[in-house]
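Structure file entry-v8.csv with CSV, C-alpha atoms:
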chain,number,residue,atom,x,y,z
A,16,MET,CA,63.5,-31.2,39.7
A,17,SER,CA,66.7,-31.7,41.7
A,18,SER,CA,67.8,-34.6,39.5
A,19,VAL,CA,67.3,-32.4,36.4
A,20,LEU,CA,69.3,-29.6,37.9
A,21,ALA,CA,72.1,-31.9,39.0
A,22,ALA,CA,72.3,-33.4,35.5
A,23,VAL,CA,72.5,-30.0,33.9
A,24,LEU,CA,75.2,-28.7,36.3
A,25,LEU,CA,77.2,-31.9,36.0
A,26,THR,CA,77.1,-31.7,32.2
A,27,ILE,CA,78.3,-28.1,32.3
A,28,SER,CA,81.0,-28.7,34.8
A,29,SER,CA,82.4,-31.6,32.7
A,30,LEU,CA,82.7,-29.4,29.6
A,31,PRO,CA,85.2,-26.7,28.9
A,32,ALA,CA,83.8,-23.1,29.4
A,33,GLN,CA,84.7,-22.4,25.8
A,34,ALA,CA,85.4,-24.7,22.9
A,35,GLN,CA,86.0,-24.3,19.1
A,36,ASP,CA,84.9,-26.8,16.5
A,37,SER,CA,86.6,-27.5,13.2
A,38,SER,CA,84.5,-24.9,11.3
A,39,GLY,CA,85.7,-22.1,13.6
A,40,THR,CA,82.5,-21.8,15.6
A,41,THR,CA,83.2,-20.9,19.2
A,42,ILE,CA,80.8,-22.4,21.8
A,43,ARG,CA,80.5,-21.2,25.4
A,44,LEU,CA,78.5,-22.9,28.1
A,45,GLY,CA,77.9,-21.5,31.6
A,46,GLY,CA,75.3,-20.4,34.1
A,47,ILE,CA,74.6,-19.2,37.6
A,48,LEU,CA,73.2,-21.0,40.6
A,49,THR,CA,72.1,-19.1,43.8
A,50,GLN,CA,70.7,-20.6,47.0
A,51,LEU,CA,69.3,-18.3,49.7
A,52,LEU,CA,67.9,-18.9,53.2
A,53,PHE,CA,66.1,-16.0,54.9
A,54,LEU,CA,64.6,-15.1,58.2
A,55,ALA,CA,61.9,-12.4,58.3
A,56,ASP,CA,59.6,-10.7,60.8
A,57,ASP,CA,56.7,-10.1,58.4
A,58,ALA,CA,53.6,-8.3,59.5
A,59,GLU,CA,50.5,-10.6,59.4
A,60,ALA,CA,46.8,-10.1,58.7
A,61,PRO,CA,44.4,-11.6,61.3
A,62,THR,CA,43.9,-14.7,59.2
A,63,GLU,CA,47.5,-15.3,58.4
A,64,LYS,CA,50.3,-17.3,60.1
A,65,LEU,CA,53.4,-16.6,58.0
A,66,ASN,CA,56.5,-18.8,58.5
A,67,PRO,CA,59.4,-16.6,59.6
A,68,VAL,CA,61.9,-18.9,57.8
A,69,GLY,CA,62.1,-19.6,54.1
A,70,GLN,CA,64.3,-20.5,51.2
A,71,PHE,CA,64.4,-19.8,47.5
A,72,HIS,CA,66.8,-20.3,44.6
A,73,TYR,CA,67.3,-19.4,41.0
A,74,THR,CA,69.3,-21.0,38.2
A,75,ARG,CA,70.2,-19.8,34.7
A,76,VAL,CA,72.1,-22.0,32.2
A,77,PHE,CA,73.2,-20.6,28.8
A,78,ALA,CA,74.7,-21.8,25.6
A,79,ASP,CA,76.4,-19.2,23.3
A,80,ALA,CA,77.7,-20.2,19.8
A,81,ARG,CA,79.5,-17.7,17.5
A,82,THR,CA,81.0,-18.0,14.1
A,83,ASN,CA,82.8,-15.3,12.0
A,84,LEU,CA,81.6,-14.8,8.4
A,85,ASN,CA,84.7,-12.6,7.7
A,86,GLU,CA,87.1,-10.4,9.7
A,87,SER,CA,84.4,-7.9,10.7
A,88,VAL,CA,81.0,-9.7,10.6
A,89,TYR,CA,79.8,-12.5,12.9
A,90,VAL,CA,76.7,-14.6,13.5
A,91,ARG,CA,75.8,-15.6,17.0
A,92,ALA,CA,73.1,-17.9,18.5
A,93,TYR,CA,72.3,-17.6,22.2
A,94,THR,CA,69.9,-19.5,24.5
A,95,ARG,CA,69.4,-19.1,28.2
A,96,LEU,CA,67.3,-21.5,30.2
A,97,VAL,CA,65.6,-21.0,33.5
A,98,ILE,CA,65.5,-23.9,36.0
A,99,ASN,CA,63.4,-22.9,39.0
A,100,ASN,CA,60.6,-24.6,40.9
A,101,TRP,CA,58.7,-21.4,41.1
A,102,SER,CA,58.9,-20.5,37.4
A,103,SER,CA,57.0,-22.1,34.5
A,104,VAL,CA,59.3,-20.3,32.0
A,105,ASN,CA,61.9,-22.5,30.4
A,106,ALA,CA,63.7,-20.5,27.6
A,107,GLU,CA,64.1,-17.0,29.1
A,108,GLN,CA,66.1,-15.9,26.0
A,109,SER,CA,66.6,-17.4,22.6
A,110,TYR,CA,67.8,-15.3,19.7
A,111,ILE,CA,70.1,-15.0,16.7
A,112,GLU,CA,72.5,-12.0,16.5
A,113,VAL,CA,74.3,-10.6,13.5
A,114,GLY,CA,77.0,-8.0,14.3
A,115,GLY,CA,79.7,-6.0,12.7
A,116,PRO,CA,81.1,-2.5,12.3
A,117,TYR,CA,77.7,-1.0,11.9
A,118,GLY,CA,76.2,-2.4,15.1
A,119,GLN,CA,74.3,-5.5,16.2
A,120,MET,CA,70.8,-6.9,15.3
A,121,GLN,CA,69.0,-9.6,17.2
A,122,VAL,CA,65.9,-11.6,16.2
A,123,GLY,CA,64.0,-13.7,18.7
A,124,VAL,CA,63.4,-13.6,22.4
A,125,ARG,CA,65.9,-11.2,24.0
A,126,ASN,CA,65.8,-9.0,27.0
A,127,PRO,CA,65.4,-5.3,26.0
A,128,TYR,CA,68.6,-3.3,25.5
A,129,ASN,CA,67.3,-0.9,28.2
A,130,GLU,CA,67.6,-3.7,30.8
A,131,LEU,CA,70.9,-5.0,29.5
A,132,VAL,CA,72.7,-1.7,29.4
A,133,VAL,CA,71.4,-0.6,32.8
A,134,GLY,CA,72.4,-3.8,34.6
A,135,ARG,CA,71.9,-3.0,38.3
A,136,PRO,CA,69.9,0.3,38.6
A,137,ALA,CA,71.3,0.6,42.2
A,138,PRO,CA,74.5,-1.3,43.1
A,139,GLN,CA,74.2,-4.3,45.3
A,140,ALA,CA,77.1,-6.3,46.8
A,141,PHE,CA,75.5,-9.8,46.7
A,142,LEU,CA,71.9,-10.0,45.5
A,143,ALA,CA,71.0,-9.6,41.8
A,144,VAL,CA,68.3,-7.5,40.2
A,145,GLY,CA,66.0,-10.5,40.1
A,146,ASP,CA,66.5,-11.3,43.8
A,147,GLU,CA,63.6,-9.0,44.8
A,148,ILE,CA,62.6,-9.4,48.4
A,149,PHE,CA,59.0,-8.6,47.8
A,150,SER,CA,57.1,-11.9,47.1
A,151,SER,CA,60.3,-13.9,47.7
A,152,MET,CA,61.1,-12.9,51.4
A,153,VAL,CA,58.3,-10.4,52.2
A,154,LYS,CA,54.7,-10.9,51.3
A,155,SER,CA,53.7,-8.2,48.8
A,156,ARG,CA,50.8,-6.1,50.0
A,157,THR,CA,50.5,-3.9,46.9
A,158,SER,CA,49.8,-4.4,43.2
A,159,ILE,CA,53.0,-2.6,42.3
A,160,PRO,CA,55.4,-4.7,40.1
A,161,GLN,CA,58.8,-5.0,42.0
A,162,ARG,CA,61.0,-7.4,40.1
A,163,ASP,CA,62.7,-5.6,37.2
A,164,GLY,CA,60.5,-2.6,38.1
A,165,LEU,CA,63.1,0.0,37.0
A,166,THR,CA,63.8,-1.1,33.5
A,167,PHE,CA,61.8,-2.1,30.4
A,168,LYS,CA,62.3,-5.8,31.1
A,169,ARG,CA,59.2,-5.4,33.2
A,170,HIS,CA,57.2,-4.6,30.0
A,171,VAL,CA,58.7,-6.8,27.3
A,172,SER,CA,60.3,-9.8,29.0
A,173,ARG,CA,60.3,-13.0,26.9
A,174,ASP,CA,58.3,-11.4,24.0
A,175,ILE,CA,59.6,-12.2,20.5
A,176,GLY,CA,60.8,-9.3,18.5
A,177,VAL,CA,63.6,-7.5,16.6
A,178,SER,CA,66.2,-5.2,18.1
A,179,TYR,CA,69.2,-3.2,16.9
A,180,GLN,CA,72.1,-1.3,18.6
A,181,THR,CA,74.4,1.1,17.0
A,182,PRO,CA,78.2,0.9,17.5
A,183,ARG,CA,79.4,2.9,20.5
A,184,ILE,CA,80.8,6.2,19.0
A,185,GLY,CA,82.3,8.8,21.3
A,186,GLY,CA,80.9,6.8,24.2
A,187,LEU,CA,77.3,7.0,22.8
A,188,GLN,CA,75.2,3.9,21.9
A,189,VAL,CA,71.5,3.8,20.9
A,190,GLY,CA,69.3,0.7,21.0
A,191,ILE,CA,65.8,0.3,19.5
A,192,GLY,CA,63.5,-2.7,19.8
A,193,TYR,CA,60.2,-3.7,18.1
A,194,ARG,CA,57.8,-6.4,19.2
A,195,PRO,CA,54.6,-7.1,17.2
A,196,SER,CA,52.8,-8.2,20.4
A,197,LEU,CA,53.2,-8.6,24.1
A,198,GLY,CA,52.2,-11.8,25.8
A,199,GLN,CA,54.6,-14.3,24.2
A,200,THR,CA,52.2,-14.6,21.2
A,201,GLU,CA,53.7,-15.8,17.9
A,202,GLY,CA,52.0,-15.6,14.5
A,203,VAL,CA,48.8,-13.7,13.9
A,204,VAL,CA,48.2,-10.9,16.4
A,205,ASP,CA,44.6,-9.9,17.4
A,206,LYS,CA,45.1,-6.3,18.5
A,207,ALA,CA,41.6,-6.3,20.1
A,208,LYS,CA,42.7,-8.8,22.6
A,209,GLN,CA,46.3,-7.9,23.5
A,210,PRO,CA,48.8,-5.0,23.3
A,211,SER,CA,50.6,-4.7,20.0
A,212,ASN,CA,53.4,-2.9,18.2
A,213,ALA,CA,55.6,-2.3,21.2
A,214,ILE,CA,58.6,0.0,20.6
A,215,ASP,CA,61.4,1.0,23.0
A,216,VAL,CA,64.3,3.3,22.4
A,217,THR,CA,67.3,3.7,24.8
A,218,ALA,CA,70.5,5.8,24.7
A,219,SER,CA,73.6,5.0,26.7
A,220,GLN,CA,76.5,7.5,27.2
A,221,GLN,CA,79.7,6.6,28.8
A,222,MET,CA,82.6,9.0,29.7
A,223,GLY,CA,85.5,9.3,32.0
A,224,VAL,CA,84.9,11.5,35.1
A,225,LEU,CA,86.9,11.9,38.4
A,226,GLY,CA,89.1,8.9,37.7
A,227,GLY,CA,86.1,6.6,37.0
A,228,THR,CA,83.4,5.9,34.4
A,229,LEU,CA,80.2,7.9,34.3
A,230,HIS,CA,77.3,6.1,32.7
A,231,LEU,CA,74.1,7.9,31.7
A,232,VAL,CA,71.0,6.0,30.4
A,233,GLY,CA,67.6,7.3,29.2
A,234,GLY,CA,64.8,5.3,27.6
A,235,TYR,CA,61.2,5.5,26.3
A,236,PHE,CA,58.7,2.7,25.8
A,237,ARG,CA,55.3,2.7,24.2
A,238,VAL,CA,52.7,0.0,23.1
A,239,THR,CA,49.3,0.2,21.5
A,240,ALA,CA,46.5,-1.4,23.7
A,241,GLN,CA,42.7,-1.3,24.0
A,242,GLN,CA,41.2,0.8,26.7
A,243,SER,CA,40.0,-2.3,28.5
A,244,ASP,CA,43.6,-3.5,28.9
A,245,PRO,CA,45.0,-2.5,32.3
A,246,ARG,CA,48.7,-2.9,31.4
A,247,VAL,CA,51.3,-0.2,30.9
A,248,VAL,CA,51.0,1.7,27.6
A,249,GLU,CA,53.8,4.2,28.0
A,250,ALA,CA,56.9,4.5,30.2
A,251,TRP,CA,60.3,6.2,30.5
A,252,ASN,CA,63.3,5.8,32.7
A,253,THR,CA,66.7,7.4,33.4
A,254,VAL,CA,69.7,6.0,35.2
A,255,VAL,CA,73.0,7.6,36.4
A,256,GLN,CA,75.9,5.4,37.4
A,257,TRP,CA,79.5,6.1,38.3
A,258,ARG,CA,82.2,3.5,39.2
A,259,ASN,CA,85.9,3.0,39.6
A,260,ASP,CA,88.0,0.1,40.9
A,261,SER,CA,86.7,0.5,44.5
A,262,TRP,CA,83.5,2.5,44.4
A,263,GLU,CA,80.2,2.3,42.6
A,264,VAL,CA,77.3,4.8,42.9
A,265,GLY,CA,74.0,4.6,41.1
A,266,ALA,CA,70.5,6.1,41.0
A,267,ALA,CA,67.5,5.2,38.7
A,268,TYR,CA,63.9,6.5,38.1
A,269,HIS,CA,61.1,4.8,36.2
A,270,ASP,CA,57.7,6.3,35.4
A,271,ALA,CA,54.8,4.3,33.8
A,272,ARG,CA,51.3,5.1,32.7
A,273,LEU,CA,48.7,2.4,32.5
A,274,ASN,CA,45.5,2.4,30.4
A,275,SER,CA,43.4,2.3,33.5
A,276,GLY,CA,44.6,5.8,34.4
A,277,VAL,CA,47.1,4.5,37.0
A,278,ARG,CA,50.4,6.2,37.3
A,279,GLU,CA,53.4,4.3,38.7
A,280,ALA,CA,56.7,5.8,39.8
A,281,ALA,CA,59.7,4.1,41.2
A,282,TRP,CA,63.2,5.2,42.1
A,283,ALA,CA,66.3,3.7,43.7
A,284,THR,CA,69.7,4.7,44.8
A,285,GLY,CA,72.7,2.9,46.3
A,286,VAL,CA,76.5,2.9,46.9
A,287,LEU,CA,78.9,-0.1,46.9
A,288,TYR,CA,82.5,-0.4,48.1
A,289,ARG,CA,85.0,-3.2,47.1
A,290,THR,CA,88.3,-4.1,48.8
A,291,GLY,CA,90.1,-7.3,48.0
A,292,SER,CA,87.6,-10.2,48.1
A,293,TRP,CA,85.0,-8.2,50.0
A,294,ALA,CA,82.2,-6.0,48.8
A,295,PHE,CA,79.8,-3.9,50.9
A,296,SER,CA,76.7,-2.0,49.7
A,297,THR,CA,73.5,-0.2,50.9
A,298,ASP,CA,70.6,0.8,48.7
A,299,PHE,CA,67.1,2.2,49.0
A,300,ARG,CA,64.1,1.8,46.7
A,301,SER,CA,60.7,3.4,46.7
A,302,SER,CA,57.7,2.8,44.4
A,303,ASN,CA,54.1,4.1,44.4
A,304,ARG,CA,50.9,3.5,42.5
A,305,ARG,CA,48.2,6.2,42.2
A,306,VAL,CA,44.8,6.5,40.6
A,307,VAL,CA,41.8,8.7,41.2
A,308,ARG,CA,38.4,7.2,40.5
A,309,ALA,CA,35.4,7.0,42.7
A,310,ALA,CA,37.9,6.5,45.5
A,311,SER,CA,41.6,7.6,45.6
A,312,ILE,CA,44.2,4.8,45.6
A,313,ASP,CA,47.7,5.7,46.8
A,314,GLU,CA,49.8,2.6,47.7
A,315,TYR,CA,53.5,2.4,48.0
A,316,ALA,CA,56.3,0.0,48.8
A,317,ASN,CA,59.7,1.1,50.3
A,318,ARG,CA,62.7,-1.0,51.2
A,319,LEU,CA,66.2,-0.5,52.6
A,320,MET,CA,68.9,-3.1,52.2
A,321,VAL,CA,72.5,-3.5,53.5
A,322,GLN,CA,74.6,-6.3,52.0
A,323,THR,CA,78.1,-7.9,52.2
A,324,GLN,CA,79.7,-10.4,49.9
A,325,TYR,CA,82.9,-12.4,50.2
A,326,ARG,CA,84.6,-14.1,47.2
A,327,LEU,CA,85.8,-17.5,48.3
A,328,SER,CA,87.4,-18.2,44.9
A,329,PRO,CA,86.7,-17.2,41.3
A,330,GLY,CA,83.1,-17.9,40.6
A,331,ILE,CA,82.1,-18.8,44.2
A,332,ASN,CA,80.6,-16.0,46.4
A,333,ILE,CA,78.9,-16.1,49.8
A,334,GLY,CA,76.8,-13.2,51.0
A,335,ILE,CA,74.6,-11.8,53.7
A,336,ALA,CA,71.9,-9.1,53.5
A,337,GLY,CA,69.6,-7.3,55.9
A,338,PHE,CA,66.4,-5.5,55.0
A,339,TYR,CA,63.6,-3.3,56.2
A,340,SER,CA,60.4,-2.7,54.3
A,341,LEU,CA,57.3,-0.6,54.7
A,342,GLN,CA,54.3,-1.1,52.5
A,343,ARG,CA,50.9,0.7,52.4
A,344,ASP,CA,48.1,-1.1,50.5
A,345,ARG,CA,45.1,0.5,48.7
A,346,ASN,CA,43.1,0.5,52.0
A,347,HIS,CA,45.9,2.7,53.5
A,348,VAL,CA,46.9,-0.1,55.9
A,349,LYS,CA,50.7,-0.1,56.6
A,350,TRP,CA,52.8,-3.3,56.7
A,351,ARG,CA,56.3,-3.4,58.2
A,352,SER,CA,58.9,-6.2,57.8
A,353,THR,CA,62.5,-6.7,58.8
A,354,GLY,CA,64.8,-9.7,58.1
A,355,GLY,CA,67.9,-11.0,56.6
A,356,THR,CA,69.2,-13.6,54.1
A,357,VAL,CA,72.4,-15.6,53.7
A,358,GLY,CA,73.4,-17.6,50.7
A,359,ILE,CA,75.9,-18.8,48.2
A,360,LYS,CA,76.3,-18.0,44.5
A,361,LEU,CA,78.1,-20.2,41.9
A,362,ILE,CA,79.0,-18.6,38.6
A,363,MET,CA,80.2,-20.9,35.9
This structure in C-alpha cells:
Amino acid sequence: MSSVLAAVLLTISSLPAQAQDSSGTTIRLGGILTQLLFLADDAEAPTEKLNPVGQFHYTRVFADARTNLNESVYVRAYTRLVINNWSSVNAEQSYIEVGGPYGQMQVGVRNPYNELVVGRPAPQAFLAVGDEIFSSMVKSRTSIPQRDGLTFKRHVSRDIGVSYQTPRIGGLQVGIGYRPSLGQTEGVVDKAKQPSNAIDVTASQQMGVLGGTLHLVGGYFRVTAQQSDPRVVEAWNTVVQWRNDSWEVGAAYHDARLNSGVREAAWATGVLYRTGSWAFSTDFRSSNRRVVRAASIDEYANRLMVQTQYRLSPGINIGIAGFYSLQRDRNHVKWRSTGGTVGIKLIM
C-alpha cells in the first residue's frame, strides 16, 4: 500500500498542477494527504482492552480535465480516487459535466449538491468533515451514522445518477439530483431488493450581511424502499453559515426517517477565528436515534472539539485538536471519552 501511495504522490508532484494540451483541454492534477496520531482515554467494556494510542490517514487524488466547446459552454471530466488502508472504495467520484449560462449538469458518480454546497456544516480549523472521531479515534457505541451525518452524502454517496444546478441568480442557486438506485448498482434495478428512484433537492442562498457573507441552505431527500429495508427513506436538512476574512460561524440540523420507524436527528454548531497563519475553532455536535417498539430505544452521541491549525507554507498545514465525547447506547449505558490528535495535512 505504501509503495502505491508513494508512486501516486511522486507522479503528481513531478507534474504541473495545471497543463493545457494542443487541443485547448486544461488538465489539473492534485489531491490531499492527511496523517493523524491520536491519544484517547476511551471507556471500555469488561471484555475490552482498548489501545489508548492510534493512527489513521486518508488520501484523495483527483484528475480534472476541461475543454471549451465555445465561449460559453464547456465539457469537463472529473475523477477522484481514494487511497486508504481502511477503505475498499477506489473511485469516490467519476463523472462528466456540461456547463454553460443555463447551469451545470453532471452524469456519473458525484457527491450530492447538498454536501458540496454545505462544505463544513460547523467550521473546523484543522480536521475535515470526513475526519469523524467516532469509529476513528473513539469506539462507536451507537448505531447512529456519524461521518457525513449532516448532509445528503450520507444517503447517496458513490451512487450513480444525474444532477443539475441552476446558475446562481441574485445569490440563489438550486440543485436537484436523481439516482435510479442506491447501493452502487448499475443496469437493471430490482426495486424489491434495494431502494430506488432517489431524489434530492437543495437550495442555496448567499447574501452580504454585516461585512461578511451569509449562506443559507435547505434540502429535501426521498427514496422509494420496501418496508423490510431499514435504511433512510426521507430526510431534510438546513444550514446557516456566516463568514468574513477573520471569523466563521455555522450551524446545521439534519432530520431523517427510516423505514423501520426510527427517527434520527443531528445538529452541530461552531465558530472559527483566523489570524495570519493561525486558525482556531470550537464546535459541538449532537445526534440521537429513537424508536418505540416493544421496548423504547433512545440512544445518542455528543462530542465537543477544540482545534488549532498553523499554516507552515501554502498547501502544508499542521494541527492539533482535543475532544470530549459522551455516548448512550440502546441499553442506556453511558460511555465517556476524552483525547486529542495531532497531525499534518498536505494539499496539492
Exercise for the section: Would you list the contacts of Phe338 (chain A) as number ranges by chain, taking every protein, DNA or RNA residue within 10 Å and counting only C-alpha atoms, but skipping same-chain residues closer than 5 positions in sequence? Expected result: A: 55, 148, 152-153, 297-299, 318-322, 352-356
Problem - Length of the CA of Ala294 (chain A) to CA of Gln50 (chain A) vector [Å] - result: 18.7 Å
Problem - For CA of Arg156 (chain A) and CA of Asn66 (chain A), the interatomic separation in Å (one decimal) - result: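 It comes out at 16.3 Å.
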Problem - Atomic separation - CA of Gln188 (chain A) relative to CA of Val224 (chain A), Å - result: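 Separating CA of Val224 (chain A) from CA of Gln188 (chain A) is a distance of 18.1 Å.
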Exercise for the section: Have a look at A:Trp282, A:Phe295, A:Tyr235, A:Tyr93 and name the one nearest to Trp262 (chain A); count all atoms listed in the file. Expected result: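 Once distances to Trp262 (chain A) are computed over all atoms listed in the file, the minimum belongs to A:Phe295.
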Exercise for the section: Name all residues at most 6 Å from Leu48 (chain A) (count only C-alpha atoms; drop same-chain ones fewer than 4 positions away) and give them as a VMD selection string. Expected result: chain A and resid 74 360 to 361
Exercise for the section: Write out as a PyMOL selection string which residues come within 8 Å of Ser87 (chain A) when counting all atoms listed in the file, dropping same-chain ones fewer than 3 positions away. Expected result: chain A and resi 83-84+115-116
Practice task
Choose the residue, out of A:Gly134, A:Gly164, A:Pro127, A:Gly202, that has the smallest atom-to-atom separation from Glu147 (chain A); count all atoms listed in the file.
Solution key: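 Comparing A:Gly134, A:Gly164, A:Pro127, A:Gly202 against Glu147 (chain A), the winner is A:Gly164.
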Need the shell around His72 (chain A): protein/DNA/RNA residues with any atom at most 10 Å away, counting all atoms listed in the file. Skip same-chain ones fewer than 2 positions apart. Format as a short mmCIF file (atom, residue, chain, number, x, y, z; two decimals) with C-alpha atoms, in the frame of the given file?
data_model
loop_
_atom_site.label_atom_id
_atom_site.label_comp_id
_atom_site.auth_asym_id
_atom_site.auth_seq_id
_atom_site.Cartn_x
_atom_site.Cartn_y
_atom_site.Cartn_z
CA LEU A 48 73.20 -21.00 40.60
CA THR A 49 72.10 -19.10 43.80
CA GLN A 50 70.70 -20.60 47.00
CA LEU A 51 69.30 -18.30 49.70
CA LEU A 52 67.90 -18.90 53.20
CA GLN A 70 64.30 -20.50 51.20
CA THR A 74 69.30 -21.00 38.20
CA ILE A 98 65.50 -23.90 36.00
CA ASN A 99 63.40 -22.90 39.00
CA ASN A 100 60.60 -24.60 40.90
CA TRP A 101 58.70 -21.40 41.10
CA ASP A 146 66.50 -11.30 43.80
CA SER A 151 60.30 -13.90 47.70
CA GLY A 358 73.40 -17.60 50.70
CA ILE A 359 75.90 -18.80 48.20
CA LYS A 360 76.30 -18.00 44.50
#
Problem - Counting all atoms listed in the file, the residue of A:Phe77, A:Tyr117, A:Trp251, A:Tyr193 that sits nearest Gly45 (chain A) - result: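 Looking at the shortest contact to Gly45 (chain A), the residue is A:Phe77.
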Problem - Closest of A:Asp174, A:Asp344, A:Asp313, A:Glu130 to Ala267 (chain A) - atom-to-atom distances counting all atoms listed in the file - result: A:Glu130
Fill in the blank from the handout: The residue from A:Thr166, A:Ala271, A:Gly69, A:Ala78 with the smallest atom-to-atom distance to Leu54 (chain A), counting all atoms listed in the file, is A:Gly69
Give as a tab-separated table (two decimals) with C-alpha atoms, keeping the file's coordinate frame the set of residues within 9 Å of the point (73.1, 0.5, 44.5), where distances use the file's coordinates and all atoms listed in the file.
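Output saved as point-v7.tsv:
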chain	number	residue	atom	x	y	z
A	135	ARG	CA	71.90	-3.00	38.30
A	136	PRO	CA	69.90	0.30	38.60
A	137	ALA	CA	71.30	0.60	42.20
A	138	PRO	CA	74.50	-1.30	43.10
A	139	GLN	CA	74.20	-4.30	45.30
A	140	ALA	CA	77.10	-6.30	46.80
A	263	GLU	CA	80.20	2.30	42.60
A	264	VAL	CA	77.30	4.80	42.90
A	265	GLY	CA	74.00	4.60	41.10
A	266	ALA	CA	70.50	6.10	41.00
A	283	ALA	CA	66.30	3.70	43.70
A	284	THR	CA	69.70	4.70	44.80
A	285	GLY	CA	72.70	2.90	46.30
A	286	VAL	CA	76.50	2.90	46.90
A	287	LEU	CA	78.90	-0.10	46.90
A	296	SER	CA	76.70	-2.00	49.70
A	297	THR	CA	73.50	-0.20	50.90
A	298	ASP	CA	70.60	0.80	48.70
A	299	PHE	CA	67.10	2.20	49.00
For Ser150 (chain A), find every residue with an atom within 9 Å (counting all atoms listed in the file), except residues of its own chain fewer than 4 positions away, and show them as an mmCIF file with C-alpha atoms, keeping the file's coordinate frame.
data_model
loop_
_atom_site.group_PDB
_atom_site.id
_atom_site.type_symbol
_atom_site.label_atom_id
_atom_site.label_comp_id
_atom_site.auth_asym_id
_atom_site.auth_seq_id
_atom_site.Cartn_x
_atom_site.Cartn_y
_atom_site.Cartn_z
ATOM 1 C CA LYS A 154 54.700 -10.900 51.300
ATOM 2 C CA SER A 155 53.700 -8.200 48.800
ATOM 3 C CA GLN A 161 58.800 -5.000 42.000
#
Exercise for the section: Determine the nearest neighbour of His347 (chain A) from the options A:Gln121, A:Ser328, A:Thr157, A:Asn212, counting only C-alpha atoms. Expected result: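 Between A:Gln121, A:Ser328, A:Thr157, A:Asn212, the residue approaching His347 (chain A) most closely is A:Thr157.
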